[in-house]
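File shown here: input37.txt, holding compact mmCIF, C-alpha atoms.
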```
# COMPACT_ATOMS: atom_id res chain seq x y z
CA MET A 1 -101.40 170.72 -12.12
CA ILE A 2 -97.98 169.14 -12.63
CA GLU A 3 -96.76 166.19 -10.57
CA ILE A 4 -93.05 165.66 -10.02
CA THR A 5 -91.50 162.58 -8.46
CA ARG A 6 -88.07 162.64 -6.82
CA VAL A 7 -86.28 159.41 -5.92
CA TYR A 8 -84.08 159.07 -2.83
CA HIS A 9 -82.00 156.19 -1.52
CA PHE A 10 -81.11 155.01 1.96
CA SER A 11 -79.78 151.85 3.56
CA ALA A 12 -81.10 150.68 6.89
CA ALA A 13 -81.54 147.70 9.15
CA HIS A 14 -84.81 146.61 10.72
CA ARG A 15 -86.76 143.64 11.90
CA LEU A 16 -90.45 142.96 11.66
CA GLU A 17 -92.03 142.55 15.06
CA SER A 18 -95.45 143.34 16.41
CA PRO A 19 -95.47 144.15 20.12
CA ARG A 20 -98.92 142.56 20.26
CA LEU A 21 -97.54 139.15 19.32
CA SER A 22 -95.28 136.68 21.10
CA ALA A 23 -91.76 136.04 19.84
CA GLN A 24 -92.95 132.73 18.41
CA ALA A 25 -95.96 134.31 16.69
CA ASN A 26 -93.74 137.04 15.21
CA ALA A 27 -91.31 134.41 13.92
CA GLU A 28 -94.16 132.43 12.37
CA LEU A 29 -95.78 135.49 10.81
CA TYR A 30 -92.73 137.37 9.53
CA GLY A 31 -90.39 134.41 8.94
CA PRO A 32 -86.76 135.44 8.33
CA CYS A 33 -87.80 139.11 8.44
CA ALA A 34 -88.42 138.77 12.18
CA ARG A 35 -84.63 138.71 12.54
CA ALA A 36 -82.47 141.81 12.11
CA HIS A 37 -81.67 142.38 8.45
CA GLY A 38 -81.26 145.29 6.08
CA HIS A 39 -82.38 146.76 2.79
CA ASN A 40 -81.23 149.32 0.29
CA TYR A 41 -84.44 151.31 0.11
CA TYR A 42 -85.66 153.83 -2.42
CA VAL A 43 -88.24 156.43 -1.48
CA GLU A 44 -90.19 158.15 -4.21
CA VAL A 45 -91.78 161.44 -3.18
CA THR A 46 -94.38 162.91 -5.53
CA VAL A 47 -95.33 166.57 -5.14
CA ALA A 48 -97.61 168.72 -7.27
CA GLY A 49 -98.01 172.34 -8.20
CA VAL A 50 -98.98 174.74 -10.96
CA ALA A 51 -96.18 175.79 -13.30
CA ASP A 52 -95.08 179.37 -12.73
CA PRO A 53 -95.44 181.37 -15.97
CA VAL A 54 -92.09 183.12 -15.42
CA THR A 55 -89.88 180.21 -14.32
CA GLY A 56 -91.81 177.30 -15.82
CA MET A 57 -91.32 175.42 -12.54
CA ALA A 58 -94.18 173.95 -10.54
CA VAL A 59 -92.16 172.99 -7.47
CA ASP A 60 -88.91 174.15 -5.87
CA LEU A 61 -87.02 170.84 -6.02
CA GLY A 62 -84.23 172.25 -3.88
CA HIS A 63 -86.72 172.75 -1.07
CA VAL A 64 -88.15 169.26 -1.56
CA ASP A 65 -84.66 167.72 -1.52
CA ALA A 66 -83.67 169.64 1.62
CA THR A 67 -86.91 168.69 3.37
CA VAL A 68 -86.56 164.99 2.55
CA SER A 69 -82.92 165.02 3.64
CA GLU A 70 -83.49 166.89 6.91
CA ARG A 71 -86.80 165.36 7.96
CA LEU A 72 -86.29 161.81 6.75
CA LEU A 73 -83.01 160.60 5.31
CA GLN A 74 -80.78 161.89 8.10
CA HIS A 75 -82.87 159.86 10.55
CA VAL A 76 -83.02 156.56 8.68
CA ASP A 77 -79.95 156.22 6.45
CA HIS A 78 -77.52 153.73 7.98
CA HIS A 79 -79.67 153.43 11.11
CA THR A 80 -81.80 150.71 12.62
CA LEU A 81 -85.30 151.88 11.73
CA GLU A 82 -86.84 150.98 15.07
CA THR A 83 -84.49 153.46 16.79
CA SER A 84 -85.67 156.46 14.75
CA PRO A 85 -87.95 158.72 16.82
CA ALA A 86 -90.09 159.35 13.73
CA LEU A 87 -90.81 155.61 13.58
CA ALA A 88 -91.61 155.12 17.27
CA GLY A 89 -94.41 152.59 17.53
CA VAL A 90 -94.35 151.79 13.79
CA ILE A 91 -94.04 148.19 12.67
CA THR A 92 -91.45 148.76 9.96
CA THR A 93 -93.21 146.92 7.16
CA GLY A 94 -93.16 148.71 3.82
CA GLU A 95 -96.75 149.74 4.47
CA GLY A 96 -95.84 151.20 7.84
CA LEU A 97 -92.83 153.04 6.43
CA ALA A 98 -94.77 154.62 3.55
CA ARG A 99 -97.40 156.00 5.92
CA ALA A 100 -94.86 157.14 8.54
CA PHE A 101 -92.74 158.89 5.90
CA TRP A 102 -95.85 160.70 4.66
CA ASP A 103 -96.57 161.82 8.22
CA VAL A 104 -93.02 163.18 8.52
CA LEU A 105 -92.97 164.97 5.17
CA ALA A 106 -96.50 166.36 4.73
CA PRO A 107 -96.28 169.02 7.47
CA ALA A 108 -92.91 170.24 6.16
CA LEU A 109 -94.07 170.80 2.58
CA ALA A 110 -96.52 173.40 1.29
CA PRO A 111 -100.08 172.36 2.19
CA GLY A 112 -101.67 170.05 -0.35
CA THR A 113 -98.52 169.55 -2.45
CA LEU A 114 -97.53 166.07 -1.27
CA ARG A 115 -99.31 163.55 -3.47
CA ARG A 116 -97.59 160.21 -2.89
CA VAL A 117 -94.86 158.46 -0.95
CA ARG A 118 -93.66 155.15 -2.33
CA VAL A 119 -91.19 152.91 -0.53
CA VAL A 120 -89.27 150.44 -2.67
CA GLU A 121 -87.93 147.77 -0.35
CA THR A 122 -86.82 145.10 -2.82
CA ALA A 123 -87.02 144.48 -6.56
CA LYS A 124 -90.43 142.91 -5.95
CA ASN A 125 -91.87 145.02 -3.12
CA ARG A 126 -93.24 148.55 -3.49
CA PHE A 127 -95.53 150.25 -1.00
CA GLU A 128 -97.45 153.43 -1.73
CA TYR A 129 -99.35 155.85 0.47
CA ARG A 130 -101.39 158.83 -0.73
CA GLY A 131 -102.68 160.22 2.56
CA GLU A 132 -105.95 159.77 4.39
CA ALA A 133 -107.98 161.70 1.82
CA ALA A 134 -107.05 159.37 -1.04
```
If you convert what's in this file into structure tokens, what do you get?
Amino acid sequence: MIEITRVYHFSAAHRLESPRLSAQANAELYGPCARAHGHNYYVEVTVAGVADPVTGMAVDLGHVDATVSERLLQHVDHHTLETSPALAGVITTGEGLARAFWDVLAPALAPGTLRRVRVVETAKNRFEYRGEAA
């Protein structure tokens, strides 16, 4: 089994807010991140497969790129994350984004091939999700 990781970039605005908390509690919990702000995100998508003996390729990267672009990037790049239908009800923490992006991508890729989604929010913050079975 070969694992391949592709890295994608998008820029987006968001604010951290839990609908279960008051405005004051959100401000206290999330600090400056409770206000609208933006990031230049990176998303790392790891897929796996067995290398084909004829082509030597384990995964069709063109298909992976097209899937990530169509299912994810077109809906988040230069958008406010809370307005993306794929993120409805998601608190847009890095943890929430990693899981939501998995949920968007997994059904569109060959079953069992998606291994990991990592969201890089800042130079210090990386969030990784490997699915429920992990």
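Of the residues listed (A:Thr113, A:Gln24, A:Thr92, A:Gln74), A:Thr113 shows the shortest atom-to-atom separation from A:Asp60; distances use all atoms listed in the file.
With only C-alpha atoms taken into account, every residue lying no more than 10 Å from the file point (-88.8, 145.3, 1.7) is included here: His14, Cys33, Gly38, His39, Asn40, Tyr41, Tyr42, Thr92, Thr93, Gly94, Glu95, Leu97, Val119, Val120, Glu121, Thr122, Ala123, Lys124, Asn125, Arg126 and Phe127 of chain A.
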Using all atoms listed in the file, can you tell me which of A:Pro53, A:Gly62, A:Pro85, A:Pro107 comes closest to A:Arg6? A:Gly62
Would you be able to write out as number ranges by chain which residues have an atom within 12 Å of (-97.3, 158.0, 7.4) in the file's coordinates, counting only C-alpha atoms? A: 72, 86-107, 114, 116-119, 127-132
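For the choices A:Arg115, A:Arg20, A:Arg71, A:His79, the atom-to-atom distance to A:Thr46 is smallest for A:Arg115 when using only C-alpha atoms.
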What gap, in Å, lies between atom CA of A:Val68 and atom CA of A:Val50? 20.8 Å
Take atom CA of A:Thr5 and atom CA of A:Ala133 and report the distance between them in Å, one decimal. 19.4 Å
Find the distance between atom CA of A:Ala48 and atom CA of A:Phe10 and write it in Å to one decimal. 23.4 Å
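Comparing A:Met1, A:Ala12, A:Ala25, A:Ala110 by their smallest distance to A:Val64, the closest is A:Ala110 (using all atoms listed in the file).
Among A:Val7, A:Leu16, A:Ala23, A:Val59, the residue with the shortest atom-to-atom distance to A:Val43, counting only C-alpha atoms, is A:Val7.
Using only C-alpha atoms, the nearest neighbour of A:Gly56 within the list A:Ala34, A:Ile2, A:Ala13, A:Leu81 is A:Ile2.
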Could you give me the axis-aligned bounding box of stretch 93-112 of chain A, with 6 Å of padding per side, as centre plus edge lengths in Å to one decimal, as JSON?
```
{"center_x": -97.2, "center_y": 160.2, "center_z": 4.1, "size_x": 20.9, "size_y": 38.5, "size_z": 20.9}
```
